[in-house]
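**Student:** Mind having a look at this structure? Questions to follow.
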Amino acid sequence: MMLFYLFGAVAVGASLLVIAQRNPVYSVLLLILAFGALSGLYVLLDAPFVAVIQIIVYAGAIMVLFLFVVMLLNAPHEDTEQDLHATGGNARQRAGAGVRHFGAFLAVALIVELSWALLKNGGESGAFPGGSVSSVAAIGRSLFSDYAFQFEVTSVLILVAMVGAVVLARRERTTK
Amino acid sequence: MPTLNHYLVLSAILFATGTAGVFLRRNLITILLSIEIMLNAVNLTFVAFGRALGTVDGQIIVFFVMTVAAAEAAVGLAIVIGLFRHRESLNPDSFTTLRW
């Protein structure tokens with residue numbers, strides 16, 4: 001129970017700081033911390049396979065990709081409202097601020113609605129059944145029998161994403 | 001012992017955090033990071049329900065979600081690089097014309 005609250009607090013706190021940071025490098029590093037805490041939660045849920053691929057794939061591969069792009073672009077800091085007013089911005093950027101206040105209201109409404117729905121009939125449901133079922137061998141057997149077709153489709157998806165990323169990010173050849 | 005509801009509430013908080021990030025931030029990279037937070041909140045829900053129902057299907061769906069997230073991150077970051085080359089900006093409010 002203590003571990004659940006510890007990992008949960010780290011995950012929520014790091015996620016909030018990801019939103020609050022203005023420097024994208026710190027955001028990426030804090031998100032890696034949040035993923036580490038989530039991996040601990042997966043271990044508590046008797047899901048060691050998911051915990052390990054969370055670290056290897058998410059924290060190891062996807063976040064390094066993000067970090068690489070942030071440093072490649074030498075990402076500029078985000079403009080604050082004051083910057084926009086000082087430089088004038090353009091009309092469209094200032095109009096975006098009004099939409100953003102509406103977006104913040106929608107996010108708060110989502111939090112209220114989700115917690116209301118979860119707490120309304122909470123309490124009686126809940127305790128997990130005893131006995132762990134999820135060995136890695138069981139996952140592999142199910143993945144390559146029941147979900148074999150989906151697995152193959154996923155490999156095609158990865159191929160398409162790879163080709164698409166290369167085509168999109170390629171510097172266009174100057175035609176003369 | 002933490003129950004299923006504990007995990008669902010934690011997942012809802014994380015999902016709402018990601019949603020707030022998508023709405024509030026004006027940096028394309030931070031918006032993509034917020035989408036990753038939302039995907040992870042959903043993954044936590046899948047694993048918690050899989051544990052409650054006693055099957056491995058939840059963890060297999062998490063595997064597929066992670067694959068889609070990797071593809072989404074690669075393509076999304078490629079688009080961000082292309083946009084940055086044309087506009088020298090990461091502010092989504094400067095990409096509203098639907099043409100170069």
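Convention: chains lettered A, B, ... in structure tokens order; per-chain residue numbering from 1; ligands numbered from 1 as shown.
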Determine, using only C-alpha atoms, which residues of chain A have any atom at most 6 Å from an atom of chain B, and tabulate each with its shortest atom pair and distance in Å to one decimal place, rows ordered by chain and then rising number, as CSV.

**Tutor:**
residue,atom,partner,partner_atom,distance
A:Met1,CA,B:Met1,CA,5.3
A:Ile19,CA,B:Gly21,CA,5.4
A:Gln93,CA,B:Asp93,CA,5.5
A:Arg100,CA,B:Leu24,CA,5.8
A:Gly103,CA,B:Phe23,CA,5.1
A:Ala107,CA,B:Ala20,CA,5.0
A:Ile111,CA,B:Ala16,CA,5.6
A:Gly126,CA,B:Leu4,CA,4.6
A:Ala127,CA,B:Thr3,CA,4.7
A:Phe128,CA,B:Ala52,CA,5.1
A:Ser134,CA,B:Val56,CA,5.8
A:Ala161,CA,B:Ala71,CA,5.3
A:Ala165,CA,B:Val75,CA,4.8
A:Leu168,CA,B:Ala78,CA,5.7
A:Ala169,CA,B:Ala78,CA,4.9

**Student:** Can you list every residue in chain B that DSSP puts in helix (DSSP H, G or I), as a PyMOL selection string?

**Tutor:** chain B and resi 4-24+28-53+57-87+92-94

**Student:** Please provide the set of residues having any atom within 9 Å of Ala51 (chain A), restricted to only C-alpha atoms, with same-chain residues fewer than 5 positions apart removed, written as a count of residues only.

**Tutor:** 8

**Student:** Excluding same-chain residues fewer than 2 positions from Val28 (chain A), what lies within 12 Å of it counting only C-alpha atoms, as a VMD selection string?

**Tutor:** (chain A and resid 14 to 15 17 to 26 30 to 35 58 to 60 62 to 71) or (chain B and resid 29 to 34 36 to 37)

**Student:** What does the file look like for those residues with C-alpha atoms, as a tab-separated table (two decimals), in the first residue's frame?

**Tutor:**
chain	number	residue	atom	x	y	z
A	14	ALA	CA	6.32	14.20	-12.42
A	15	SER	CA	3.47	14.41	-14.94
A	17	LEU	CA	5.88	19.04	-13.69
A	18	VAL	CA	6.08	17.89	-17.34
A	19	ILE	CA	3.13	20.19	-18.01
A	20	ALA	CA	4.58	23.01	-15.92
A	21	GLN	CA	8.12	23.07	-17.34
A	22	ARG	CA	8.93	25.61	-20.04
A	23	ASN	CA	12.16	23.90	-21.09
A	24	PRO	CA	11.33	20.83	-23.20
A	25	VAL	CA	14.51	18.98	-22.14
A	26	TYR	CA	13.39	19.01	-18.50
A	30	LEU	CA	10.67	14.27	-15.95
A	31	LEU	CA	8.48	12.12	-18.19
A	32	ILE	CA	11.13	9.37	-18.01
A	33	LEU	CA	10.84	9.58	-14.21
A	34	ALA	CA	7.04	9.27	-14.48
A	35	PHE	CA	7.42	6.19	-16.69
A	58	TYR	CA	9.16	3.84	-23.50
A	59	ALA	CA	11.90	5.21	-21.30
A	60	GLY	CA	14.66	3.72	-23.42
A	62	ILE	CA	10.65	6.62	-27.40
A	63	MET	CA	11.91	9.16	-24.88
A	64	VAL	CA	15.41	9.08	-26.37
A	65	LEU	CA	13.79	9.81	-29.74
A	66	PHE	CA	12.02	12.79	-28.18
A	67	LEU	CA	15.20	14.00	-26.52
A	68	PHE	CA	17.07	13.66	-29.79
A	69	VAL	CA	14.51	15.78	-31.64
A	70	VAL	CA	14.42	18.42	-28.88
A	71	MET	CA	18.18	18.81	-29.05
B	29	ILE	CA	6.87	18.74	-28.45
B	30	THR	CA	5.22	19.22	-25.06
B	31	ILE	CA	1.85	18.44	-26.64
B	32	LEU	CA	3.24	15.15	-27.96
B	33	LEU	CA	4.61	14.40	-24.47
B	34	SER	CA	1.15	15.06	-23.00
B	36	GLU	CA	2.21	10.00	-24.20
B	37	ILE	CA	0.99	10.67	-20.63

**Student:** Can you tell me how far CA of Leu45 (chain A) sits from CA of Met2 (chain A), in Å to one decimal?

**Tutor:**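 Separation between CA of Leu45 (chain A) and CA of Met2 (chain A): 14.0 Å.
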